[in-house]
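Okay, coords_20.txt now, which holds compact mmCIF, N, CA and C atoms:
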# COMPACT_ATOMS: atom_id res chain seq x y z
N MET A 145 -15.06 6.39 -46.79
CA MET A 145 -16.04 6.33 -45.71
C MET A 145 -15.82 5.09 -44.85
N THR A 146 -15.53 3.95 -45.50
CA THR A 146 -15.30 2.73 -44.75
C THR A 146 -14.13 2.90 -43.79
N GLY A 147 -13.10 3.60 -44.22
CA GLY A 147 -11.93 3.83 -43.36
C GLY A 147 -12.29 4.65 -42.13
N VAL A 148 -13.19 5.62 -42.29
CA VAL A 148 -13.61 6.45 -41.16
C VAL A 148 -14.38 5.62 -40.15
N VAL A 149 -15.28 4.76 -40.64
CA VAL A 149 -16.06 3.90 -39.75
C VAL A 149 -15.14 2.93 -39.02
N ALA A 150 -14.20 2.32 -39.74
CA ALA A 150 -13.26 1.39 -39.12
C ALA A 150 -12.41 2.09 -38.08
N ALA A 151 -11.95 3.28 -38.36
CA ALA A 151 -11.13 4.03 -37.40
C ALA A 151 -11.95 4.35 -36.15
N ALA A 152 -13.20 4.72 -36.35
CA ALA A 152 -14.06 5.03 -35.20
C ALA A 152 -14.29 3.79 -34.34
N LEU A 153 -14.50 2.66 -34.99
CA LEU A 153 -14.71 1.42 -34.23
C LEU A 153 -13.44 1.02 -33.48
N LEU A 154 -12.31 1.14 -34.11
CA LEU A 154 -11.05 0.77 -33.46
C LEU A 154 -10.71 1.70 -32.31
N ALA A 155 -11.12 2.94 -32.42
CA ALA A 155 -10.82 3.89 -31.34
C ALA A 155 -11.45 3.47 -30.03
N GLY A 156 -12.57 2.75 -30.08
CA GLY A 156 -13.24 2.31 -28.87
C GLY A 156 -12.77 0.97 -28.37
N CYS A 157 -11.86 0.31 -29.08
CA CYS A 157 -11.38 -1.02 -28.69
C CYS A 157 -10.34 -0.92 -27.59
N SER A 158 -10.18 -2.02 -26.89
CA SER A 158 -9.21 -2.11 -25.80
C SER A 158 -7.79 -1.94 -26.32
N THR A 159 -6.96 -1.34 -25.53
CA THR A 159 -5.56 -1.16 -25.88
C THR A 159 -4.71 -2.28 -25.30
N GLY A 160 -5.34 -3.26 -24.70
CA GLY A 160 -4.58 -4.32 -24.05
C GLY A 160 -4.28 -4.02 -22.59
N GLU A 161 -4.55 -2.81 -22.17
CA GLU A 161 -4.34 -2.44 -20.77
C GLU A 161 -5.48 -3.02 -19.95
N PRO A 162 -5.20 -3.50 -18.72
CA PRO A 162 -6.30 -4.01 -17.90
C PRO A 162 -7.26 -2.90 -17.54
N ALA A 163 -8.53 -3.25 -17.47
CA ALA A 163 -9.54 -2.27 -17.07
C ALA A 163 -9.29 -1.88 -15.63
N PRO A 164 -9.55 -0.62 -15.28
CA PRO A 164 -9.36 -0.22 -13.89
C PRO A 164 -10.27 -1.03 -12.97
N ALA A 165 -9.76 -1.37 -11.80
CA ALA A 165 -10.54 -2.13 -10.82
C ALA A 165 -11.73 -1.28 -10.37
N PRO A 166 -12.88 -1.90 -10.19
CA PRO A 166 -14.03 -1.13 -9.69
C PRO A 166 -13.70 -0.55 -8.32
N SER A 167 -14.17 0.63 -8.08
CA SER A 167 -13.83 1.25 -6.80
C SER A 167 -14.77 0.77 -5.69
N ILE A 168 -14.22 0.75 -4.52
CA ILE A 168 -14.95 0.33 -3.32
C ILE A 168 -15.17 1.60 -2.49
N PRO A 169 -16.38 1.85 -2.05
CA PRO A 169 -16.58 3.02 -1.20
C PRO A 169 -15.62 3.00 0.00
N SER A 170 -15.06 4.14 0.29
CA SER A 170 -14.03 4.21 1.34
C SER A 170 -14.54 3.74 2.70
N ASP A 171 -15.82 3.97 3.00
CA ASP A 171 -16.34 3.53 4.30
C ASP A 171 -16.40 2.01 4.37
N GLN A 172 -16.74 1.35 3.24
CA GLN A 172 -16.77 -0.11 3.23
C GLN A 172 -15.36 -0.68 3.37
N ARG A 173 -14.41 -0.10 2.66
CA ARG A 173 -13.02 -0.58 2.73
C ARG A 173 -12.48 -0.38 4.15
N ALA A 174 -12.77 0.75 4.74
CA ALA A 174 -12.30 1.02 6.10
C ALA A 174 -12.89 0.03 7.10
N LEU A 175 -14.15 -0.33 6.91
CA LEU A 175 -14.79 -1.29 7.82
C LEU A 175 -14.12 -2.67 7.70
N VAL A 176 -13.84 -3.11 6.49
CA VAL A 176 -13.16 -4.39 6.29
C VAL A 176 -11.77 -4.36 6.93
N ASP A 177 -11.01 -3.30 6.69
CA ASP A 177 -9.67 -3.19 7.28
C ASP A 177 -9.73 -3.20 8.80
N ARG A 178 -10.70 -2.46 9.35
CA ARG A 178 -10.86 -2.40 10.81
C ARG A 178 -11.26 -3.76 11.38
N PHE A 179 -12.12 -4.49 10.65
CA PHE A 179 -12.51 -5.83 11.08
C PHE A 179 -11.28 -6.73 11.22
N VAL A 180 -10.45 -6.75 10.20
CA VAL A 180 -9.26 -7.61 10.23
C VAL A 180 -8.34 -7.23 11.39
N LYS A 181 -8.07 -5.96 11.53
CA LYS A 181 -7.18 -5.50 12.60
C LYS A 181 -7.76 -5.83 13.98
N THR A 182 -9.05 -5.60 14.15
CA THR A 182 -9.69 -5.78 15.46
C THR A 182 -9.84 -7.24 15.83
N ILE A 183 -10.26 -8.08 14.88
CA ILE A 183 -10.42 -9.49 15.21
C ILE A 183 -9.07 -10.15 15.44
N ASN A 184 -8.05 -9.76 14.66
CA ASN A 184 -6.71 -10.33 14.87
C ASN A 184 -6.12 -9.90 16.21
N ALA A 185 -6.59 -8.78 16.74
CA ALA A 185 -6.14 -8.33 18.06
C ALA A 185 -6.91 -9.03 19.18
N GLY A 186 -7.94 -9.81 18.82
CA GLY A 186 -8.72 -10.52 19.83
C GLY A 186 -9.72 -9.65 20.57
N ASP A 187 -10.10 -8.52 19.98
CA ASP A 187 -11.00 -7.56 20.62
C ASP A 187 -12.46 -7.89 20.28
N ALA A 188 -13.06 -8.78 21.05
CA ALA A 188 -14.43 -9.21 20.79
C ALA A 188 -15.42 -8.04 20.85
N GLN A 189 -15.26 -7.16 21.79
CA GLN A 189 -16.17 -6.02 21.92
C GLN A 189 -16.06 -5.12 20.69
N GLY A 190 -14.86 -4.87 20.24
CA GLY A 190 -14.65 -4.05 19.06
C GLY A 190 -15.22 -4.69 17.80
N VAL A 191 -15.03 -6.00 17.66
CA VAL A 191 -15.59 -6.70 16.50
C VAL A 191 -17.11 -6.65 16.55
N GLY A 192 -17.69 -6.92 17.70
CA GLY A 192 -19.14 -6.89 17.83
C GLY A 192 -19.73 -5.56 17.45
N ALA A 193 -19.03 -4.48 17.76
CA ALA A 193 -19.52 -3.14 17.43
C ALA A 193 -19.58 -2.90 15.93
N MET A 194 -18.92 -3.73 15.13
CA MET A 194 -18.93 -3.57 13.67
C MET A 194 -20.14 -4.23 13.02
N PHE A 195 -20.93 -4.96 13.80
CA PHE A 195 -22.13 -5.62 13.28
C PHE A 195 -23.36 -4.90 13.82
N ALA A 196 -24.32 -4.68 12.93
CA ALA A 196 -25.60 -4.10 13.37
C ALA A 196 -26.25 -5.05 14.37
N GLU A 197 -27.03 -4.50 15.26
CA GLU A 197 -27.72 -5.30 16.27
C GLU A 197 -28.52 -6.44 15.63
N SER A 198 -29.15 -6.16 14.50
CA SER A 198 -29.99 -7.16 13.83
C SER A 198 -29.27 -7.86 12.67
N ALA A 199 -27.95 -7.82 12.66
CA ALA A 199 -27.18 -8.42 11.55
C ALA A 199 -27.45 -9.92 11.43
N ARG A 200 -27.17 -10.42 10.25
CA ARG A 200 -27.30 -11.84 9.96
C ARG A 200 -25.99 -12.29 9.35
N PHE A 201 -25.53 -13.48 9.70
CA PHE A 201 -24.29 -14.03 9.15
C PHE A 201 -24.51 -15.49 8.78
N ASP A 202 -24.35 -15.79 7.49
CA ASP A 202 -24.45 -17.15 6.98
C ASP A 202 -23.01 -17.62 6.76
N SER A 203 -22.53 -18.46 7.65
CA SER A 203 -21.17 -18.99 7.55
C SER A 203 -21.26 -20.41 7.01
N VAL A 204 -21.10 -20.52 5.71
CA VAL A 204 -21.12 -21.81 5.01
C VAL A 204 -22.37 -22.61 5.39
N GLY A 205 -23.52 -21.93 5.40
CA GLY A 205 -24.77 -22.60 5.68
C GLY A 205 -25.22 -22.57 7.12
N ARG A 206 -24.34 -22.21 8.02
CA ARG A 206 -24.75 -22.04 9.43
C ARG A 206 -25.14 -20.58 9.60
N VAL A 207 -26.40 -20.34 9.90
CA VAL A 207 -26.91 -18.97 9.93
C VAL A 207 -27.02 -18.49 11.38
N TYR A 208 -26.45 -17.32 11.62
CA TYR A 208 -26.51 -16.67 12.93
C TYR A 208 -27.30 -15.38 12.77
N SER A 209 -28.28 -15.20 13.64
CA SER A 209 -29.15 -14.02 13.58
C SER A 209 -28.90 -13.12 14.77
N GLY A 210 -28.54 -11.89 14.49
CA GLY A 210 -28.29 -10.91 15.54
C GLY A 210 -26.83 -10.86 15.96
N ARG A 211 -26.40 -9.68 16.35
CA ARG A 211 -25.01 -9.46 16.76
C ARG A 211 -24.58 -10.42 17.86
N ALA A 212 -25.41 -10.59 18.88
CA ALA A 212 -25.03 -11.45 20.01
C ALA A 212 -24.77 -12.88 19.55
N GLU A 213 -25.64 -13.41 18.71
CA GLU A 213 -25.46 -14.79 18.24
C GLU A 213 -24.24 -14.91 17.32
N ILE A 214 -24.02 -13.91 16.46
CA ILE A 214 -22.83 -13.92 15.59
C ILE A 214 -21.57 -13.98 16.45
N MET A 215 -21.54 -13.20 17.48
CA MET A 215 -20.35 -13.16 18.33
C MET A 215 -20.26 -14.38 19.24
N ASP A 216 -21.35 -14.69 19.96
CA ASP A 216 -21.31 -15.74 20.98
C ASP A 216 -21.21 -17.16 20.42
N ARG A 217 -21.79 -17.38 19.24
CA ARG A 217 -21.80 -18.74 18.69
C ARG A 217 -20.81 -18.94 17.55
N PHE A 218 -20.28 -17.84 17.01
CA PHE A 218 -19.39 -17.97 15.86
C PHE A 218 -18.04 -17.29 16.07
N LEU A 219 -17.99 -15.98 16.01
CA LEU A 219 -16.70 -15.31 15.97
C LEU A 219 -15.88 -15.44 17.25
N VAL A 220 -16.52 -15.37 18.41
CA VAL A 220 -15.74 -15.52 19.64
C VAL A 220 -15.20 -16.94 19.79
N PRO A 221 -16.02 -17.98 19.78
CA PRO A 221 -15.46 -19.31 20.00
C PRO A 221 -14.62 -19.84 18.84
N GLU A 222 -15.03 -19.57 17.59
CA GLU A 222 -14.37 -20.19 16.45
C GLU A 222 -13.20 -19.39 15.89
N VAL A 223 -13.10 -18.13 16.26
CA VAL A 223 -12.00 -17.31 15.75
C VAL A 223 -11.17 -16.75 16.90
N ILE A 224 -11.78 -15.91 17.71
CA ILE A 224 -11.01 -15.20 18.74
C ILE A 224 -10.44 -16.16 19.78
N GLU A 225 -11.29 -16.97 20.42
CA GLU A 225 -10.79 -17.89 21.45
C GLU A 225 -9.93 -19.00 20.87
N ALA A 226 -10.12 -19.31 19.59
CA ALA A 226 -9.33 -20.36 18.94
C ALA A 226 -7.98 -19.84 18.44
N GLY A 227 -7.75 -18.54 18.58
CA GLY A 227 -6.47 -17.97 18.16
C GLY A 227 -6.33 -17.86 16.65
N GLY A 228 -7.44 -17.74 15.92
CA GLY A 228 -7.39 -17.62 14.47
C GLY A 228 -6.90 -16.25 14.02
N ARG A 229 -6.34 -16.24 12.81
CA ARG A 229 -5.83 -14.98 12.23
C ARG A 229 -6.27 -14.85 10.78
N TYR A 230 -6.77 -13.68 10.43
CA TYR A 230 -7.18 -13.37 9.07
C TYR A 230 -6.04 -12.64 8.35
N THR A 231 -5.83 -13.00 7.10
CA THR A 231 -4.96 -12.23 6.21
C THR A 231 -5.84 -11.80 5.04
N LEU A 232 -6.02 -10.51 4.89
CA LEU A 232 -6.86 -9.98 3.83
C LEU A 232 -6.12 -10.07 2.50
N LEU A 233 -6.72 -10.75 1.53
CA LEU A 233 -6.10 -10.91 0.21
C LEU A 233 -6.55 -9.84 -0.77
N ASP A 234 -7.85 -9.57 -0.81
CA ASP A 234 -8.36 -8.50 -1.67
C ASP A 234 -9.79 -8.16 -1.27
N VAL A 235 -10.22 -7.02 -1.77
CA VAL A 235 -11.56 -6.52 -1.50
C VAL A 235 -12.14 -6.03 -2.82
N THR A 236 -13.37 -6.45 -3.12
CA THR A 236 -14.03 -6.02 -4.35
C THR A 236 -15.44 -5.56 -4.02
N PRO A 237 -16.01 -4.75 -4.88
CA PRO A 237 -17.40 -4.34 -4.65
C PRO A 237 -18.33 -5.53 -4.80
N GLY A 238 -19.36 -5.57 -3.98
CA GLY A 238 -20.38 -6.59 -4.10
C GLY A 238 -21.54 -6.08 -4.94
N ALA A 239 -22.57 -6.87 -5.06
CA ALA A 239 -23.74 -6.51 -5.85
C ALA A 239 -24.51 -5.38 -5.20
N GLY A 240 -25.06 -4.52 -6.02
CA GLY A 240 -25.98 -3.50 -5.54
C GLY A 240 -25.36 -2.26 -4.93
N GLY A 241 -24.06 -2.20 -4.81
CA GLY A 241 -23.42 -1.01 -4.28
C GLY A 241 -23.36 -0.94 -2.77
N ASP A 242 -24.18 -1.74 -2.07
CA ASP A 242 -24.15 -1.70 -0.61
C ASP A 242 -23.39 -2.90 -0.03
N ARG A 243 -22.80 -3.72 -0.91
CA ARG A 243 -22.10 -4.93 -0.46
C ARG A 243 -20.62 -4.82 -0.80
N VAL A 244 -19.82 -5.48 0.02
CA VAL A 244 -18.38 -5.54 -0.19
C VAL A 244 -17.97 -7.01 -0.01
N VAL A 245 -17.08 -7.48 -0.88
CA VAL A 245 -16.62 -8.86 -0.83
C VAL A 245 -15.14 -8.86 -0.48
N ALA A 246 -14.81 -9.48 0.64
CA ALA A 246 -13.42 -9.58 1.08
C ALA A 246 -12.99 -11.03 1.03
N ARG A 247 -11.81 -11.25 0.46
CA ARG A 247 -11.26 -12.61 0.36
C ARG A 247 -10.12 -12.71 1.35
N TYR A 248 -10.13 -13.79 2.14
CA TYR A 248 -9.18 -13.97 3.23
C TYR A 248 -8.49 -15.32 3.17
N ASP A 249 -7.27 -15.35 3.68
CA ASP A 249 -6.65 -16.58 4.15
C ASP A 249 -6.86 -16.56 5.65
N PHE A 250 -7.20 -17.70 6.20
CA PHE A 250 -7.43 -17.80 7.64
C PHE A 250 -6.56 -18.92 8.18
N THR A 251 -5.82 -18.61 9.22
CA THR A 251 -5.00 -19.60 9.89
C THR A 251 -5.60 -19.87 11.25
N THR A 252 -5.88 -21.14 11.53
CA THR A 252 -6.44 -21.49 12.82
C THR A 252 -5.33 -21.46 13.88
N GLY A 253 -5.74 -21.41 15.12
CA GLY A 253 -4.77 -21.42 16.20
C GLY A 253 -3.92 -22.67 16.23
N SER A 254 -4.42 -23.76 15.66
CA SER A 254 -3.66 -25.02 15.64
C SER A 254 -2.86 -25.20 14.35
N GLY A 255 -2.87 -24.17 13.49
CA GLY A 255 -2.05 -24.22 12.28
C GLY A 255 -2.76 -24.60 11.01
N GLY A 256 -4.05 -24.92 11.08
CA GLY A 256 -4.81 -25.22 9.86
C GLY A 256 -5.01 -23.96 9.03
N GLU A 257 -5.27 -24.14 7.75
CA GLU A 257 -5.47 -22.99 6.87
C GLU A 257 -6.73 -23.16 6.03
N GLU A 258 -7.41 -22.05 5.81
CA GLU A 258 -8.62 -22.01 5.00
C GLU A 258 -8.60 -20.74 4.17
N ARG A 259 -9.29 -20.75 3.05
CA ARG A 259 -9.46 -19.54 2.25
C ARG A 259 -10.96 -19.38 2.02
N PHE A 260 -11.45 -18.16 2.21
CA PHE A 260 -12.88 -17.92 2.06
C PHE A 260 -13.15 -16.47 1.73
N THR A 261 -14.40 -16.20 1.38
CA THR A 261 -14.86 -14.83 1.18
C THR A 261 -15.96 -14.53 2.18
N TYR A 262 -16.04 -13.26 2.55
CA TYR A 262 -17.19 -12.73 3.26
C TYR A 262 -17.79 -11.69 2.32
N ASP A 263 -19.03 -11.91 1.91
CA ASP A 263 -19.77 -10.98 1.06
C ASP A 263 -20.77 -10.30 1.98
N CYS A 264 -20.52 -9.05 2.32
CA CYS A 264 -21.30 -8.38 3.37
C CYS A 264 -21.98 -7.11 2.88
N ALA A 265 -23.22 -6.94 3.30
CA ALA A 265 -23.92 -5.67 3.12
C ALA A 265 -23.47 -4.74 4.24
N VAL A 266 -23.34 -3.47 3.91
CA VAL A 266 -22.91 -2.46 4.88
C VAL A 266 -23.93 -1.33 4.89
N ALA A 267 -24.36 -0.94 6.07
CA ALA A 267 -25.25 0.21 6.23
C ALA A 267 -24.89 0.93 7.52
N ASP A 268 -24.88 2.22 7.46
CA ASP A 268 -24.59 3.05 8.64
C ASP A 268 -23.30 2.62 9.33
N GLY A 269 -22.30 2.25 8.56
CA GLY A 269 -20.99 1.93 9.11
C GLY A 269 -20.87 0.57 9.77
N ALA A 270 -21.84 -0.32 9.51
CA ALA A 270 -21.81 -1.64 10.15
C ALA A 270 -22.18 -2.73 9.15
N PHE A 271 -21.69 -3.93 9.39
CA PHE A 271 -22.10 -5.08 8.61
C PHE A 271 -23.53 -5.44 9.00
N THR A 272 -24.38 -5.66 8.00
CA THR A 272 -25.77 -5.99 8.28
C THR A 272 -26.17 -7.39 7.82
N ASP A 273 -25.48 -7.91 6.81
CA ASP A 273 -25.78 -9.23 6.29
C ASP A 273 -24.52 -9.76 5.63
N CYS A 274 -24.00 -10.87 6.12
CA CYS A 274 -22.77 -11.45 5.57
C CYS A 274 -23.00 -12.90 5.16
N VAL A 275 -22.34 -13.27 4.06
CA VAL A 275 -22.37 -14.63 3.58
C VAL A 275 -20.92 -15.06 3.43
N GLY A 276 -20.52 -16.06 4.22
CA GLY A 276 -19.16 -16.58 4.16
C GLY A 276 -19.12 -17.89 3.41
N ARG A 277 -18.19 -18.00 2.47
CA ARG A 277 -18.06 -19.23 1.67
C ARG A 277 -16.58 -19.56 1.48
N TYR A 278 -16.29 -20.87 1.51
CA TYR A 278 -14.94 -21.33 1.21
C TYR A 278 -14.67 -21.14 -0.27
N VAL A 279 -13.44 -20.81 -0.61
CA VAL A 279 -13.00 -20.71 -2.00
C VAL A 279 -11.64 -21.39 -2.12
N SER A 280 -11.28 -21.73 -3.34
CA SER A 280 -9.97 -22.38 -3.54
C SER A 280 -8.98 -21.41 -4.13
Kindly return the structure encoded in the file as structure tokens.
Amino acid sequence: MTGVVAAALLAGCSTGEPAPAPSIPSDQRALVDRFVKTINAGDAQGVGAMFAESARFDSVGRVYSGRAEIMDRFLVPEVIEAGGRYTLLDVTPGAGGDRVVARYDFTTGSGGEERFTYDCAVADGAFTDCVGRYVS
């Protein structure tokens, strides 16, 4: 009997293979991919369309409320007009199923480099709440 119990317990143990990566809803992944392509192309109007009108963006403690403020005070001057470029490193599911976390390398127009994440809620095909943080 002990052998049967041990065999049953071992059957549920890991085989050493990595666990499958959690899946990301295809609409969230597509939005992240489109964001990178569109912002790297310098298309401010296209990028703005990816944020809900009432979106919020916390960029390392600087909070922007509404699509217009996100674009006019953050993404247009600090990314698009500065010639910045995003390189998407990976995308993982965020908390609650409605969030997606994208990790980026960012190169400034003057050659500086940063690495950060954007943890964003997505609803109706648009970013609604994003939190950007530097990572190492």
### Task
List the neighbours of Gly192 of chain A out to 8 Å using all atoms listed in the file; skip same-chain residues closer than 3 positions along the sequence, and give me the result as JSON, numbers by chain.
{"A": [187, 188, 189, 195, 196, 197, 211, 212, 214, 215]}
Please list as a PDB file with N, CA and C atoms, in the frame of the given file every residue within 8 Å of Glu225 of chain A, counting only N, CA and C atoms and excluding residues in the same chain fewer than 6 positions away.
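part17.pdb written:
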ATOM      1  N   GLY A 186      -7.940  -9.810  18.820  1.00  0.00           N
ATOM      2  CA  GLY A 186      -8.720 -10.520  19.830  1.00  0.00           C
ATOM      3  C   GLY A 186      -9.720  -9.650  20.570  1.00  0.00           C
ATOM      4  N   LEU A 219     -17.990 -15.980  16.010  1.00  0.00           N
ATOM      5  CA  LEU A 219     -16.700 -15.310  15.970  1.00  0.00           C
ATOM      6  C   LEU A 219     -15.880 -15.440  17.250  1.00  0.00           C
ATOM      7  N   GLY A 253      -5.740 -21.410  15.120  1.00  0.00           N
ATOM      8  CA  GLY A 253      -4.770 -21.420  16.200  1.00  0.00           C
ATOM      9  C   GLY A 253      -3.920 -22.670  16.230  1.00  0.00           C
TER      10      GLY A 253
END
### Query
For Ala267 of chain A, which residue among A:Gly255, A:Asp216, A:Arg206, A:Arg243 is the nearest when counting all atoms listed in the file?
A:Arg243
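Across A:Ser209, A:Thr231, A:Ser198, A:Ser280, the tightest approach to Val176 of chain A is made by A:Thr231 when counting only C-alpha atoms.
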### Task
Select from segment 152-280 of chain A everything DSSP, run on the backbone, classes as strand (DSSP E or B), then give the selection as number ranges by chain.
A: 195-203, 206-209, 229-237, 243-251, 257-267, 270-278
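Distances here use all atoms listed in the file; by that measure, the residue among A:Asn184, A:Asp268, A:Glu257, A:Phe179 closest to Val223 of chain A is A:Asn184.
If you look at atom CA of Ala193 of chain A and atom CA of Arg217 of chain A, they are 15.8 Å away from each other.
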### Query
Which is closer to Ile168 of chain A than all the others in A:Gly227, A:Gly256, A:Gly276, A:Gly238, using all atoms listed in the file?
A:Gly238
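Among the candidates A:Phe201, A:Tyr230, A:Tyr278, A:Tyr208, the residue lying nearest to Thr261 of chain A is A:Tyr278 (atoms considered: all atoms listed in the file).
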### Task
Would you list the contacts of Asp202 of chain A as a ChimeraX atom specification, taking every protein, DNA or RNA residue within 7 Å and counting only N, CA and C atoms, but skipping same-chain residues closer than 5 positions in sequence?
/A:207-208,273-277
Give me the residues near Val235 of chain A as a PDB file with N, CA and C atoms, in the frame of the given file, where near means some atom within 8 Å (using only C-alpha atoms) and where sequence neighbours in that chain fewer than 3 positions away do not count.
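Final file, selection.pdb:
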ATOM      1  N   ILE A 168     -14.220   0.750  -4.520  1.00  0.00           N
ATOM      2  CA  ILE A 168     -14.950   0.330  -3.320  1.00  0.00           C
ATOM      3  C   ILE A 168     -15.170   1.600  -2.490  1.00  0.00           C
ATOM      4  N   ARG A 173     -14.410  -0.100   2.660  1.00  0.00           N
ATOM      5  CA  ARG A 173     -13.020  -0.580   2.730  1.00  0.00           C
ATOM      6  C   ARG A 173     -12.480  -0.380   4.150  1.00  0.00           C
ATOM      7  N   LEU A 232      -6.020 -10.510   4.890  1.00  0.00           N
ATOM      8  CA  LEU A 232      -6.860  -9.980   3.830  1.00  0.00           C
ATOM      9  C   LEU A 232      -6.120 -10.070   2.500  1.00  0.00           C
ATOM     10  N   VAL A 244     -19.820  -5.480   0.020  1.00  0.00           N
ATOM     11  CA  VAL A 244     -18.380  -5.540  -0.190  1.00  0.00           C
ATOM     12  C   VAL A 244     -17.970  -7.010  -0.010  1.00  0.00           C
ATOM     13  N   VAL A 245     -17.080  -7.480  -0.880  1.00  0.00           N
ATOM     14  CA  VAL A 245     -16.620  -8.860  -0.830  1.00  0.00           C
ATOM     15  C   VAL A 245     -15.140  -8.860  -0.480  1.00  0.00           C
ATOM     16  N   ALA A 246     -14.810  -9.480   0.640  1.00  0.00           N
ATOM     17  CA  ALA A 246     -13.420  -9.580   1.080  1.00  0.00           C
ATOM     18  C   ALA A 246     -12.990 -11.030   1.030  1.00  0.00           C
ATOM     19  N   ARG A 247     -11.810 -11.250   0.460  1.00  0.00           N
ATOM     20  CA  ARG A 247     -11.260 -12.610   0.360  1.00  0.00           C
ATOM     21  C   ARG A 247     -10.120 -12.710   1.350  1.00  0.00           C
TER      22      ARG A 247
END
Calculate, to one decimal in Å, the centre and edge lengths of the box along x, y and z of the file that holds all listed atoms of segment 174-181 of chain A with 6 Å of margin on each side, and present them as JSON.
{"center_x": -11.0, "center_y": -3.3, "center_z": 9.4, "size_x": 19.6, "size_y": 20.6, "size_z": 21.2}
What lies within 9 Å of Ser254 of chain A using only C-alpha atoms, ignoring chain neighbours under 3 positions off, as a CSV table (one decimal) with N, CA and C atoms, in the frame of the given file?
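That gives us around.csv:
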chain,number,residue,atom,x,y,z
A,226,ALA,N,-10.1,-19.3,19.6
A,226,ALA,CA,-9.3,-20.4,18.9
A,226,ALA,C,-8.0,-19.8,18.4
A,227,GLY,N,-7.8,-18.5,18.6
A,227,GLY,CA,-6.5,-18.0,18.2
A,227,GLY,C,-6.3,-17.9,16.6
A,228,GLY,N,-7.4,-17.7,15.9
A,228,GLY,CA,-7.4,-17.6,14.5
A,228,GLY,C,-6.9,-16.2,14.0
A,251,THR,N,-5.8,-18.6,9.2
A,251,THR,CA,-5.0,-19.6,9.9
A,251,THR,C,-5.6,-19.9,11.2
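Rounded to one decimal, atom CA of Ala199 of chain A and atom CA of Ala185 of chain A lie 22.0 Å from each other.
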### Sel. of alpha helix (DSSP H) residues, chain A, as JSON, numbers by chain
{"A": [146, 147, 148, 149, 150, 151, 152, 153, 154, 155, 170, 171, 172, 173, 174, 175, 176, 177, 178, 179, 180, 181, 182, 183, 184, 188, 189, 190, 191, 192, 211, 212, 213]}
